[in-house]
>>> print(open('work11.cif').read())   # mmCIF, C-alpha atoms
data_structure
#
loop_
_atom_site.label_atom_id
_atom_site.label_comp_id
_atom_site.auth_asym_id
_atom_site.auth_seq_id
_atom_site.Cartn_x
_atom_site.Cartn_y
_atom_site.Cartn_z
CA MET A 1241 21.71 7.08 -90.39
CA SER A 1242 22.38 9.48 -87.52
CA HIS A 1243 24.34 8.14 -84.58
CA LEU A 1244 21.38 8.64 -82.25
CA LEU A 1245 19.06 6.72 -84.60
CA GLN A 1246 21.65 3.90 -84.86
CA PHE A 1247 21.66 3.76 -81.07
CA PHE A 1248 17.89 3.42 -80.82
CA VAL A 1249 17.59 0.87 -83.65
CA ILE A 1250 20.17 -1.34 -81.88
CA LEU A 1251 18.29 -0.80 -78.60
CA GLY A 1252 14.99 -1.85 -80.22
CA ALA A 1253 16.42 -4.92 -81.99
CA SER A 1254 18.08 -5.98 -78.73
CA ALA A 1255 14.76 -5.62 -76.90
CA ILE A 1256 13.26 -8.16 -79.34
CA ALA A 1257 16.29 -10.41 -78.73
CA GLY A 1258 15.65 -10.06 -74.99
CA VAL A 1259 12.00 -11.10 -75.34
CA VAL A 1260 12.85 -14.17 -77.45
CA GLY A 1261 15.91 -15.07 -75.38
CA SER A 1262 14.19 -14.90 -72.00
CA LEU A 1263 11.19 -16.82 -73.30
CA LEU A 1264 13.20 -19.65 -74.85
CA GLY A 1265 16.26 -19.91 -72.58
CA LEU A 1266 18.59 -18.68 -75.34
CA GLY A 1267 21.07 -15.85 -75.28
CA GLY A 1268 19.60 -13.76 -78.04
CA GLY A 1269 22.83 -13.90 -80.08
CA ILE A 1270 20.78 -15.31 -82.94
CA ILE A 1271 19.21 -11.85 -83.34
CA VAL A 1272 21.94 -9.53 -82.03
CA ILE A 1273 24.79 -10.83 -84.23
CA PRO A 1274 22.96 -10.72 -87.61
CA VAL A 1275 21.48 -7.27 -86.88
CA LEU A 1276 24.90 -5.83 -86.02
CA THR A 1277 26.88 -7.49 -88.83
CA LEU A 1278 24.39 -7.46 -91.71
CA PHE A 1279 22.50 -4.23 -91.00
CA PHE A 1280 25.13 -2.08 -89.31
CA HIS A 1281 28.29 -3.64 -90.83
CA VAL A 1282 29.82 -4.04 -87.39
CA ASP A 1283 32.95 -6.21 -87.33
CA TYR A 1284 32.05 -9.84 -86.48
CA ARG A 1285 34.44 -9.86 -83.51
CA ILE A 1286 32.73 -6.81 -81.95
CA ALA A 1287 29.26 -8.26 -82.69
CA ALA A 1288 30.23 -11.49 -80.90
CA GLY A 1289 31.44 -9.42 -77.91
CA ALA A 1290 28.09 -7.61 -77.79
CA SER A 1291 26.34 -10.98 -78.06
CA ILE A 1292 28.18 -12.30 -74.98
CA VAL A 1293 26.98 -9.24 -73.04
CA SER A 1294 23.42 -9.83 -74.33
CA ILE A 1295 23.50 -13.45 -73.10
CA ILE A 1296 24.53 -12.39 -69.58
CA ALA A 1297 21.98 -9.56 -69.49
CA THR A 1298 19.14 -11.84 -70.68
CA SER A 1299 20.11 -14.46 -68.14
CA SER A 1300 20.36 -12.14 -65.13
CA GLY A 1301 17.34 -10.04 -66.13
CA SER A 1302 15.00 -13.00 -66.54
CA ALA A 1303 16.39 -15.39 -63.90
CA ALA A 1304 15.82 -12.79 -61.15
CA THR A 1305 12.10 -13.42 -61.74
CA TYR A 1306 12.24 -17.12 -62.73
CA VAL A 1307 14.17 -18.13 -59.60
CA LYS A 1308 11.70 -16.34 -57.34
CA ASP A 1309 8.76 -18.00 -59.16
CA LYS A 1310 10.49 -21.42 -58.82
CA LEU A 1311 10.46 -21.83 -62.60
CA SER A 1312 14.28 -22.02 -62.63
CA ASN A 1313 15.46 -25.09 -60.72
CA ILE A 1314 18.62 -23.78 -59.03
CA ARG A 1315 19.88 -27.19 -57.85
CA VAL A 1316 19.61 -28.72 -61.31
CA GLY A 1317 21.15 -25.55 -62.77
CA MET A 1318 24.06 -25.40 -60.33
CA PHE A 1319 24.92 -29.08 -60.72
CA LEU A 1320 24.86 -28.98 -64.51
CA GLU A 1321 26.88 -25.74 -64.55
CA VAL A 1322 29.85 -27.83 -63.40
CA LEU A 1323 29.64 -29.74 -66.68
CA THR A 1324 28.99 -26.75 -68.94
CA SER A 1325 31.83 -24.71 -67.44
CA VAL A 1326 34.33 -27.60 -67.68
CA GLY A 1327 33.12 -28.11 -71.26
CA ALA A 1328 33.58 -24.39 -71.99
CA ILE A 1329 37.19 -24.45 -70.77
CA CYS A 1330 37.97 -27.58 -72.79
CA GLY A 1331 36.34 -25.95 -75.80
CA ALA A 1332 38.36 -22.75 -75.44
CA PHE A 1333 41.58 -24.80 -75.32
CA LEU A 1334 40.59 -26.95 -78.31
CA ALA A 1335 39.56 -23.91 -80.34
CA GLY A 1336 43.07 -23.41 -81.74
CA TRP A 1337 43.38 -27.07 -82.77
CA VAL A 1338 40.23 -27.86 -84.69
CA HIS A 1339 38.62 -26.44 -87.79
CA GLY A 1340 35.77 -24.05 -86.97
CA ASP A 1341 34.04 -24.66 -90.31
CA VAL A 1342 33.67 -28.40 -89.77
CA LEU A 1343 32.51 -27.87 -86.18
CA TYR A 1344 29.75 -25.49 -87.23
CA VAL A 1345 28.46 -28.09 -89.67
CA VAL A 1346 28.61 -30.87 -87.04
CA PHE A 1347 26.79 -28.78 -84.42
CA ALA A 1348 24.22 -27.63 -87.01
CA LEU A 1349 23.48 -31.25 -87.97
CA VAL A 1350 23.10 -32.27 -84.31
CA LEU A 1351 20.63 -29.43 -83.77
CA PHE A 1352 18.72 -30.31 -86.98
CA TYR A 1353 18.51 -33.90 -85.75
CA SER A 1354 17.16 -32.76 -82.37
CA LEU A 1355 14.24 -31.13 -84.22
CA ILE A 1356 12.80 -34.65 -84.72
CA PRO A 1357 12.07 -35.53 -81.05
CA MET A 1358 11.04 -31.93 -80.44
CA GLY A 1359 8.57 -32.09 -83.36
CA ARG A 1360 7.21 -35.43 -82.15
CA LYS A 1361 6.57 -33.95 -78.72
CA ILE A 1362 4.68 -31.02 -80.25
CA LEU A 1363 2.49 -33.39 -82.29
CA ALA A 1364 1.89 -35.52 -79.20
CA GLU A 1365 0.88 -32.51 -77.15
CA LEU A 1366 -1.45 -31.22 -79.87
CA GLY A 1367 -3.34 -34.53 -80.16
CA LYS A 1368 -5.15 -35.29 -76.93
CA ALA A 1369 -5.26 -39.09 -77.23
CA LYS A 1370 -1.56 -39.09 -78.00
CA THR A 1371 -0.89 -36.89 -74.97
CA ARG A 1372 -2.33 -39.54 -72.69
CA ARG A 1373 -0.16 -42.19 -74.28
CA ALA A 1374 2.93 -39.98 -74.04
CA ALA A 1375 2.14 -39.21 -70.41
CA ALA A 1376 1.76 -42.91 -69.67
CA GLY A 1377 5.07 -43.54 -71.43
CA ALA A 1378 6.80 -40.91 -69.33
CA GLU A 1379 5.50 -42.44 -66.14
CA ALA A 1380 6.52 -45.91 -67.26
CA ALA A 1381 10.13 -44.75 -67.64
CA SER A 1382 11.83 -45.83 -64.45
CA PRO A 1383 12.63 -43.00 -62.03
CA ASP A 1384 16.34 -42.21 -62.03
CA PRO A 1385 17.96 -43.03 -58.65
CA LEU A 1386 20.69 -40.49 -59.44
CA ALA A 1387 18.03 -37.77 -59.90
CA ALA A 1388 16.54 -38.63 -56.51
CA LYS A 1389 19.96 -38.55 -54.85
CA LEU A 1390 20.79 -35.13 -56.31
CA GLY A 1391 17.40 -33.68 -55.39
CA PHE A 1392 16.48 -33.22 -59.06
CA SER A 1393 12.78 -32.58 -58.67
CA GLY A 1394 10.73 -29.45 -58.56
CA SER A 1395 7.35 -27.85 -58.45
CA TYR A 1396 6.04 -24.53 -59.75
CA TYR A 1397 2.69 -22.81 -60.22
CA ASP A 1398 1.74 -22.67 -63.90
CA LYS A 1399 -0.26 -19.46 -64.35
CA ALA A 1400 -1.40 -20.39 -67.87
CA ALA A 1401 -2.72 -23.81 -66.81
CA GLY A 1402 -3.89 -22.52 -63.41
CA ARG A 1403 -2.35 -25.41 -61.47
CA GLN A 1404 0.74 -26.56 -59.60
CA VAL A 1405 3.12 -28.62 -61.78
CA SER A 1406 5.45 -31.13 -60.09
CA TYR A 1407 8.18 -33.05 -61.85
CA SER A 1408 11.22 -35.21 -61.30
CA LEU A 1409 13.98 -35.82 -63.82
CA ARG A 1410 15.21 -38.95 -65.59
CA ARG A 1411 18.23 -39.91 -67.74
CA VAL A 1412 20.57 -37.66 -65.72
CA PRO A 1413 23.80 -39.08 -67.29
CA LEU A 1414 22.52 -38.34 -70.82
CA GLY A 1415 21.45 -34.83 -69.81
CA ALA A 1416 24.82 -34.25 -68.14
CA ALA A 1417 26.67 -35.41 -71.29
CA ILE A 1418 24.65 -33.01 -73.47
CA MET A 1419 25.42 -30.20 -70.99
CA TYR A 1420 29.14 -30.91 -71.40
CA VAL A 1421 28.70 -30.69 -75.18
CA ALA A 1422 26.78 -27.43 -74.70
CA GLY A 1423 29.75 -26.01 -72.81
CA LEU A 1424 32.20 -27.37 -75.37
CA GLY A 1425 30.18 -25.70 -78.14
CA SER A 1426 30.10 -22.35 -76.41
CA GLY A 1427 33.84 -22.49 -75.71
CA LEU A 1428 34.63 -23.46 -79.28
CA LEU A 1429 32.09 -21.45 -81.25
CA GLY A 1430 30.56 -19.01 -78.79
CA ILE A 1431 26.98 -19.80 -79.80
CA GLY A 1432 24.19 -22.30 -79.38
CA SER A 1433 24.80 -23.23 -75.76
CA GLY A 1434 21.28 -22.16 -74.72
CA ALA A 1435 19.69 -24.39 -77.36
CA PHE A 1436 21.66 -27.43 -76.18
CA LYS A 1437 20.77 -26.69 -72.55
CA VAL A 1438 17.04 -26.60 -73.26
CA LEU A 1439 17.35 -29.85 -75.24
CA ALA A 1440 19.24 -31.53 -72.38
CA LEU A 1441 16.66 -30.44 -69.80
CA ASP A 1442 13.47 -30.91 -71.81
CA THR A 1443 14.14 -33.65 -74.34
CA ALA A 1444 16.72 -35.74 -72.46
CA MET A 1445 15.80 -35.28 -68.81
CA GLY A 1446 12.05 -34.73 -69.13
CA MET A 1447 11.80 -31.37 -67.37
CA PRO A 1448 8.61 -29.44 -68.31
CA MET A 1449 9.23 -26.99 -71.19
CA LYS A 1450 8.70 -23.81 -69.14
CA ALA A 1451 11.00 -24.98 -66.34
CA SER A 1452 13.56 -26.02 -69.00
CA THR A 1453 13.76 -22.61 -70.68
CA ALA A 1454 13.78 -20.84 -67.28
CA THR A 1455 16.55 -23.11 -65.93
CA SER A 1456 18.56 -22.70 -69.16
CA ASN A 1457 18.24 -18.91 -68.74
CA PHE A 1458 19.51 -19.23 -65.18
CA MET A 1459 22.56 -21.17 -66.44
CA ILE A 1460 23.63 -19.35 -69.64
CA GLY A 1461 24.77 -16.25 -67.73
CA VAL A 1462 27.38 -18.24 -65.85
CA THR A 1463 28.61 -20.05 -68.98
CA ALA A 1464 28.89 -16.71 -70.82
CA ALA A 1465 30.52 -14.90 -67.87
CA ALA A 1466 33.31 -17.53 -67.94
CA SER A 1467 34.35 -16.34 -71.41
CA ALA A 1468 33.25 -12.68 -71.15
CA GLY A 1469 36.44 -11.78 -69.28
CA ILE A 1470 38.49 -13.05 -72.22
CA TYR A 1471 36.37 -11.07 -74.71
CA PHE A 1472 36.75 -7.92 -72.60
CA LEU A 1473 40.53 -8.15 -72.22
CA ARG A 1474 40.90 -8.91 -75.93
CA GLY A 1475 39.08 -5.64 -76.68
CA ASP A 1476 36.07 -7.30 -78.31
CA ILE A 1477 33.49 -5.52 -76.16
CA ASP A 1478 32.94 -2.07 -77.69
CA PRO A 1479 31.14 -0.20 -74.86
CA LEU A 1480 29.10 2.05 -77.14
CA ILE A 1481 27.69 -0.97 -79.01
CA ALA A 1482 27.35 -3.28 -76.01
CA ALA A 1483 25.56 -0.55 -74.00
CA PRO A 1484 22.42 -0.24 -76.18
CA VAL A 1485 22.46 -4.03 -76.60
CA ALA A 1486 22.54 -4.58 -72.81
CA LEU A 1487 19.85 -1.99 -72.05
CA GLY A 1488 17.59 -3.24 -74.86
CA VAL A 1489 17.96 -6.88 -73.87
CA LEU A 1490 17.22 -6.07 -70.20
CA ALA A 1491 14.02 -4.24 -71.19
CA GLY A 1492 13.04 -7.14 -73.45
CA SER A 1493 13.65 -9.71 -70.74
CA LEU A 1494 11.10 -7.95 -68.51
CA ILE A 1495 8.48 -8.59 -71.21
CA GLY A 1496 9.69 -12.13 -71.96
CA THR A 1497 9.42 -13.29 -68.35
CA ARG A 1498 5.82 -12.05 -68.18
CA LEU A 1499 5.01 -13.82 -71.44
CA LEU A 1500 6.48 -17.14 -70.28
CA SER A 1501 4.22 -17.41 -67.25
CA ARG A 1502 1.13 -16.68 -69.37
CA LEU A 1503 1.82 -18.90 -72.38
CA ALA A 1504 1.09 -22.62 -72.54
CA GLY A 1505 4.10 -24.98 -72.58
CA THR A 1506 3.15 -26.26 -76.05
CA SER A 1507 3.13 -22.72 -77.54
CA ILE A 1508 6.62 -22.13 -76.15
CA ARG A 1509 7.76 -25.45 -77.58
CA ILE A 1510 6.45 -24.48 -81.04
CA VAL A 1511 8.29 -21.12 -80.96
CA PHE A 1512 11.43 -22.94 -79.74
CA PHE A 1513 11.13 -25.44 -82.62
CA VAL A 1514 11.07 -22.62 -85.20
CA VAL A 1515 13.96 -20.72 -83.58
CA LEU A 1516 15.97 -23.94 -83.26
CA ALA A 1517 15.58 -24.50 -87.01
CA LEU A 1518 16.84 -20.92 -87.59
CA ILE A 1519 19.84 -21.43 -85.26
CA SER A 1520 20.78 -24.66 -87.07
CA ALA A 1521 20.55 -22.85 -90.42
CA GLN A 1522 22.67 -20.00 -89.04
CA MET A 1523 25.34 -22.46 -87.88
CA LEU A 1524 25.28 -24.32 -91.19
CA LEU A 1525 25.79 -21.02 -93.05
CA ARG A 1526 28.74 -20.19 -90.81
CA GLY A 1527 30.20 -23.60 -91.58
CA PHE A 1528 30.17 -22.57 -95.24
CA GLY A 1529 31.83 -19.26 -94.48
CA VAL A 1530 28.82 -16.92 -94.25
CA SER A 1531 29.05 -15.17 -90.87
CA VAL A 1532 25.59 -14.09 -89.80
CA MET B 236 5.06 -23.63 -52.43
CA LYS B 237 7.00 -20.49 -51.52
CA ALA B 238 10.53 -19.64 -52.66
CA THR B 239 13.29 -20.81 -50.30
CA LYS B 240 15.74 -18.38 -48.69
CA THR B 241 18.42 -19.49 -51.16
CA GLU B 242 16.12 -18.75 -54.09
CA LEU B 243 15.24 -15.33 -52.66
CA ALA B 244 18.94 -14.52 -52.10
CA VAL B 245 19.88 -15.55 -55.66
CA SER B 246 16.97 -13.59 -57.10
CA PHE B 247 17.93 -10.51 -55.06
CA VAL B 248 21.58 -10.59 -56.22
CA LEU B 249 20.54 -10.87 -59.86
CA ARG B 250 17.98 -8.05 -59.61
CA PHE B 251 20.41 -5.82 -57.69
CA GLY B 252 23.22 -6.46 -60.23
CA VAL B 253 20.95 -5.74 -63.18
CA ILE B 254 19.54 -2.48 -61.74
CA LEU B 255 22.99 -1.27 -60.64
CA SER B 256 24.69 -1.99 -63.97
CA ALA B 257 21.83 -0.52 -66.04
CA SER B 258 21.94 2.66 -63.91
CA VAL B 259 25.72 3.03 -64.36
CA ILE B 260 25.43 2.49 -68.14
CA ILE B 261 22.63 5.09 -68.41
CA LEU B 262 24.68 7.54 -66.30
CA GLY B 263 27.69 7.07 -68.59
CA LEU B 264 25.59 7.57 -71.73
CA ALA B 265 23.98 10.70 -70.23
CA LEU B 266 27.45 12.11 -69.44
CA LEU B 267 28.61 11.30 -72.96
CA VAL B 268 25.72 13.10 -74.64
CA ALA B 269 25.95 16.01 -72.17
CA GLN B 270 29.64 16.49 -72.96
CA GLY B 271 29.78 15.92 -76.67
CA GLY B 272 26.22 15.88 -78.05
CA GLN B 273 24.68 12.86 -79.80
CA GLY B 274 27.58 12.73 -82.27
CA ALA B 275 29.70 11.46 -79.37
CA LEU B 276 27.86 8.12 -79.65
CA GLY B 277 30.00 7.51 -82.73
CA ASP B 278 29.41 5.42 -85.84
CA VAL B 279 28.97 1.76 -84.91
CA ALA B 280 30.61 0.48 -88.10
CA ALA B 281 33.81 2.42 -87.40
CA VAL B 282 36.76 0.73 -85.74
CA ARG B 283 37.52 2.73 -82.62
CA SER B 284 39.58 2.51 -79.47
CA PHE B 285 38.12 2.10 -76.00
CA PRO B 286 39.41 1.00 -72.59
CA HIS B 287 39.61 -2.80 -72.32
CA SER B 288 41.70 -3.49 -69.24
CA PRO B 289 40.81 -2.90 -65.58
CA ALA B 290 43.67 -0.37 -65.31
CA ALA B 291 42.51 1.62 -68.36
CA VAL B 292 38.90 1.66 -67.09
CA TRP B 293 40.07 2.83 -63.66
CA ALA B 294 42.21 5.61 -65.19
CA GLY B 295 39.22 6.64 -67.32
CA LEU B 296 36.91 6.74 -64.30
CA LEU B 297 39.34 9.01 -62.43
CA ALA B 298 39.35 11.33 -65.45
CA LEU B 299 35.50 11.17 -65.55
CA ASP B 300 35.57 9.69 -69.06
CA PRO B 301 31.94 8.80 -69.95
CA VAL B 302 33.02 5.76 -72.02
CA ALA B 303 34.85 4.39 -68.97
CA VAL B 304 31.65 4.83 -66.92
CA VAL B 305 29.68 2.86 -69.56
CA THR B 306 32.38 0.18 -69.50
CA LEU B 307 32.14 -0.03 -65.71
CA GLY B 308 28.41 -0.74 -66.12
CA LEU B 309 29.21 -3.55 -68.58
CA ILE B 310 31.80 -5.02 -66.19
CA LEU B 311 29.12 -5.00 -63.47
CA ILE B 312 26.81 -6.98 -65.81
CA ILE B 313 29.56 -9.57 -66.35
CA LEU B 314 30.17 -9.80 -62.58
CA THR B 315 26.47 -10.33 -61.76
CA PRO B 316 26.24 -14.09 -62.55
CA ILE B 317 29.61 -14.68 -60.82
CA SER B 318 28.31 -12.91 -57.69
CA ARG B 319 25.15 -14.98 -57.65
CA VAL B 320 27.27 -18.16 -57.68
CA ALA B 321 29.31 -16.82 -54.72
CA VAL B 322 26.20 -15.79 -52.78
CA SER B 323 24.49 -19.14 -53.33
CA ILE B 324 27.43 -20.94 -51.66
CA VAL B 325 26.63 -18.99 -48.49
CA ALA B 326 22.88 -19.49 -48.93
CA PHE B 327 23.21 -23.28 -49.38
CA ALA B 328 25.46 -23.36 -46.29
CA ILE B 329 22.82 -21.55 -44.22
CA GLU B 330 20.19 -23.95 -45.58
CA GLY B 331 22.47 -26.78 -44.39
CA ASP B 332 22.80 -28.40 -47.83
CA ARG B 333 26.46 -29.48 -47.79
CA ARG B 334 26.29 -31.32 -51.09
CA TYR B 335 25.28 -28.15 -52.92
CA VAL B 336 27.78 -26.00 -51.04
CA ALA B 337 30.42 -28.28 -52.59
CA VAL B 338 28.83 -28.26 -56.07
CA THR B 339 28.51 -24.45 -56.08
CA ALA B 340 32.03 -23.92 -54.73
CA LEU B 341 33.30 -26.13 -57.57
CA VAL B 342 31.42 -23.99 -60.14
CA LEU B 343 32.94 -20.81 -58.65
CA ALA B 344 36.43 -22.34 -58.71
CA ILE B 345 36.03 -23.32 -62.37
CA LEU B 346 34.72 -19.82 -63.21
CA LEU B 347 37.65 -18.10 -61.52
CA ALA B 348 40.10 -20.54 -63.11
CA SER B 349 38.69 -19.77 -66.56
CA LEU B 350 39.10 -16.04 -65.94
CA VAL B 351 42.73 -16.55 -64.89
CA LEU B 352 43.46 -19.00 -67.71
CA GLY B 353 41.87 -16.61 -70.19
CA LYS B 354 44.05 -13.79 -68.97
CA GLY B 355 47.17 -15.91 -69.26
CA GLY B 356 46.27 -17.12 -72.72
CA SER B 357 45.53 -13.78 -74.36
#
>>> encode(input="work11.cif", output="structure tokens")
Amino acid sequence: MSHLLQFFVILGASAIAGVVGSLLGLGGGIIVIPVLTLFFHVDYRIAAGASIVSIIATSSGSAATYVKDKLSNIRVGMFLEVLTSVGAICGAFLAGWVHGDVLYVVFALVLFYSLIPMGRKILAELGKAKTRRAAAGAEAASPDPLAAKLGFSGSYYDKAAGRQVSYSLRRVPLGAAIMYVAGLGSGLLGIGSGAFKVLALDTAMGMPMKASTATSNFMIGVTAAASAGIYFLRGDIDPLIAAPVALGVLAGSLIGTRLLSRLAGTSIRIVFFVVLALISAQMLLRGFGVSV
Amino acid sequence: MKATKTELAVSFVLRFGVILSASVIILGLALLVAQGGQGALGDVAAVRSFPHSPAAVWAGLLALDPVAVVTLGLILIILTPISRVAVSIVAFAIEGDRRYVAVTALVLAILLASLVLGKGGS
């Protein structure tokens, strides 16, 4: 394959990663790393460096729009970033002490397990009668005084539903604990932090799905930037691979942000469910020594 | 409900950072192809050397090395989220939200600490 064609194939694949990443609040590493390692035989270390750049580009590219549209909740994001960044530092320090293989399996199993509540929510949203019951259940859950104190509420205009959506969060300590684990995971393994963030916001704290993926997108750039300096100094960021990845992802994020505002929350949740299953499988494979 | 000033400031910093870094990367790639043809893009599977310290990038920029220009664009991408944290401290202060000035300052401190710790560790 000619060098120019290689460049454009990486650009195109990264654009797809940018669409998926900006839509679901993930970094896009799930697409970028396998394409580079399996298809182009790029060294795993260099692929991971390009993936870090793709996470930051997806985050900045999409959050510029999400923050303006009030889909990203910047107070919730900023507060929880304290936990993810402390987690990331702890993870980076622990990385030399613990076995990567075992960790991948543990994180994969946790993500597989989180498919259950996510699947239940999808079923509840698809059946109307069940939706009413679920909605009643959500209201019955006592409002979290901590959430009120921290100003953890928000409101955005849902273009797909054609109405203003207001929400306040619950179970802040649980969400905060999952955020710490998300940071720990990204420091230790370098992947999956976006998935854990969406789960903490949506499943644990009850933020609407669209606001969850948008707020996760807002946050992942900061988590990734914390370790990007280390990747750069170590020489893991090959500029001529990271460049098409960054440009492709940025272009893709422009499309993804437009898609998010037009799609229904349930559709996004279904896509997230499928991608989450793929991420868990990817992690499980890594645990057994297959780096994809 | 309209976006607050803090939200507009954060959004502006992110958009500005993205446009600036993408422009620098495209400029570097254009220089590369102009100087050495498309073969200069290199084979992605090959192990190659490139600048990966601020000093090496700076030296490359002075010598008008296209790869150093591309790397500068990538560094600007990495700096974008860090800048938006710094700018939101100021924005929260103007909004008069002391609690979030503290929270955001803490995030920035942790970020900078991780950069320094990372440098020391490698």
>>> resolve_selection(input="work11.cif", expression="the PyMOL selection byres ((chain B) within 8 of (chain A))", output="PyMOL selection string")
chain B and resi 236+238+242-243+245-250+253+257+260+273-274+276-281+285-288+302+305-306+309+312-317+335+338-339+341-342+345-347+349-350+353-354+357
>>> write_last_selection(input="work11.cif", atoms="C-alpha atoms", output="PDB file, in the frame of the given file")
ATOM      1  CA  MET B 236       5.060 -23.630 -52.430  1.00  0.00           C
ATOM      2  CA  ALA B 238      10.530 -19.640 -52.660  1.00  0.00           C
ATOM      3  CA  GLU B 242      16.120 -18.750 -54.090  1.00  0.00           C
ATOM      4  CA  LEU B 243      15.240 -15.330 -52.660  1.00  0.00           C
ATOM      5  CA  VAL B 245      19.880 -15.550 -55.660  1.00  0.00           C
ATOM      6  CA  SER B 246      16.970 -13.590 -57.100  1.00  0.00           C
ATOM      7  CA  PHE B 247      17.930 -10.510 -55.060  1.00  0.00           C
ATOM      8  CA  VAL B 248      21.580 -10.590 -56.220  1.00  0.00           C
ATOM      9  CA  LEU B 249      20.540 -10.870 -59.860  1.00  0.00           C
ATOM     10  CA  ARG B 250      17.980  -8.050 -59.610  1.00  0.00           C
ATOM     11  CA  VAL B 253      20.950  -5.740 -63.180  1.00  0.00           C
ATOM     12  CA  ALA B 257      21.830  -0.520 -66.040  1.00  0.00           C
ATOM     13  CA  ILE B 260      25.430   2.490 -68.140  1.00  0.00           C
ATOM     14  CA  GLN B 273      24.680  12.860 -79.800  1.00  0.00           C
ATOM     15  CA  GLY B 274      27.580  12.730 -82.270  1.00  0.00           C
ATOM     16  CA  LEU B 276      27.860   8.120 -79.650  1.00  0.00           C
ATOM     17  CA  GLY B 277      30.000   7.510 -82.730  1.00  0.00           C
ATOM     18  CA  ASP B 278      29.410   5.420 -85.840  1.00  0.00           C
ATOM     19  CA  VAL B 279      28.970   1.760 -84.910  1.00  0.00           C
ATOM     20  CA  ALA B 280      30.610   0.480 -88.100  1.00  0.00           C
ATOM     21  CA  ALA B 281      33.810   2.420 -87.400  1.00  0.00           C
ATOM     22  CA  PHE B 285      38.120   2.100 -76.000  1.00  0.00           C
ATOM     23  CA  PRO B 286      39.410   1.000 -72.590  1.00  0.00           C
ATOM     24  CA  HIS B 287      39.610  -2.800 -72.320  1.00  0.00           C
ATOM     25  CA  SER B 288      41.700  -3.490 -69.240  1.00  0.00           C
ATOM     26  CA  VAL B 302      33.020   5.760 -72.020  1.00  0.00           C
ATOM     27  CA  VAL B 305      29.680   2.860 -69.560  1.00  0.00           C
ATOM     28  CA  THR B 306      32.380   0.180 -69.500  1.00  0.00           C
ATOM     29  CA  LEU B 309      29.210  -3.550 -68.580  1.00  0.00           C
ATOM     30  CA  ILE B 312      26.810  -6.980 -65.810  1.00  0.00           C
ATOM     31  CA  ILE B 313      29.560  -9.570 -66.350  1.00  0.00           C
ATOM     32  CA  LEU B 314      30.170  -9.800 -62.580  1.00  0.00           C
ATOM     33  CA  THR B 315      26.470 -10.330 -61.760  1.00  0.00           C
ATOM     34  CA  PRO B 316      26.240 -14.090 -62.550  1.00  0.00           C
ATOM     35  CA  ILE B 317      29.610 -14.680 -60.820  1.00  0.00           C
ATOM     36  CA  TYR B 335      25.280 -28.150 -52.920  1.00  0.00           C
ATOM     37  CA  VAL B 338      28.830 -28.260 -56.070  1.00  0.00           C
ATOM     38  CA  THR B 339      28.510 -24.450 -56.080  1.00  0.00           C
ATOM     39  CA  LEU B 341      33.300 -26.130 -57.570  1.00  0.00           C
ATOM     40  CA  VAL B 342      31.420 -23.990 -60.140  1.00  0.00           C
ATOM     41  CA  ILE B 345      36.030 -23.320 -62.370  1.00  0.00           C
ATOM     42  CA  LEU B 346      34.720 -19.820 -63.210  1.00  0.00           C
ATOM     43  CA  LEU B 347      37.650 -18.100 -61.520  1.00  0.00           C
ATOM     44  CA  SER B 349      38.690 -19.770 -66.560  1.00  0.00           C
ATOM     45  CA  LEU B 350      39.100 -16.040 -65.940  1.00  0.00           C
ATOM     46  CA  GLY B 353      41.870 -16.610 -70.190  1.00  0.00           C
ATOM     47  CA  LYS B 354      44.050 -13.790 -68.970  1.00  0.00           C
ATOM     48  CA  SER B 357      45.530 -13.780 -74.360  1.00  0.00           C
TER      49      SER B 357
END
>>> closest_residue(input="work11.cif", among="B:Ala291, B:Ile324, B:Val282, B:Ser256", to="Arg1285 (chain A)", atoms="only C-alpha atoms")
B:Val282
>>> resolve_selection(input="work11.cif", expression="the PyMOL selection byres ((chain A and resi 1501) around 7)", output="list in words")
Asp1398, Lys1399, Ala1400, Thr1497, Arg1498, Leu1499, Leu1500, Arg1502 and Leu1503 of chain A
>>> atom_distance(input="work11.cif", atom1="CA of Ile1508 (chain A)", atom2="CA of Ala1435 (chain A)")
13.3 Å
>>> closest_residue(input="work11.cif", among="A:Val1272, A:Ala1491, A:Leu1311, A:Ala1387", to="Tyr1284 (chain A)", atoms="all atoms listed in the file")
A:Val1272
>>> atom_distance(input="work11.cif", atom1="CA of Thr241 (chain B)", atom2="CA of Ala326 (chain B)")
5.0 Å
>>> atom_distance(input="work11.cif", atom1="CA of Leu1441 (chain A)", atom2="CA of Val1275 (chain A)")
29.2 Å
>>> resolve_selection(input="work11.cif", expression="the PyMOL selection byres ((chain A and resi 1346-1354) around 9)", output="PyMOL selection string")
chain A and resi 1341-1345+1355-1359+1425+1432+1435-1436+1439+1443+1516-1517+1519-1524+1527
>>> residues_around(input="work11.cif", residues="Gly1265 (chain A)", least_positions_apart="3", cutoff="7 Å", atoms="all atoms listed in the file", output="tab-separated table (two decimals) with C-alpha atoms, in the frame of the given file")
chain	number	residue	atom	x	y	z
A	1261	GLY	CA	15.91	-15.07	-75.38
A	1262	SER	CA	14.19	-14.90	-72.00
A	1434	GLY	CA	21.28	-22.16	-74.72
A	1438	VAL	CA	17.04	-26.60	-73.26
A	1453	THR	CA	13.76	-22.61	-70.68
A	1454	ALA	CA	13.78	-20.84	-67.28
A	1456	SER	CA	18.56	-22.70	-69.16
A	1457	ASN	CA	18.24	-18.91	-68.74
>>> closest_residue(input="work11.cif", among="B:Ser318, B:Ser284, B:Gln270, B:Ser258", to="Leu299 (chain B)", atoms="all atoms listed in the file")
B:Gln270
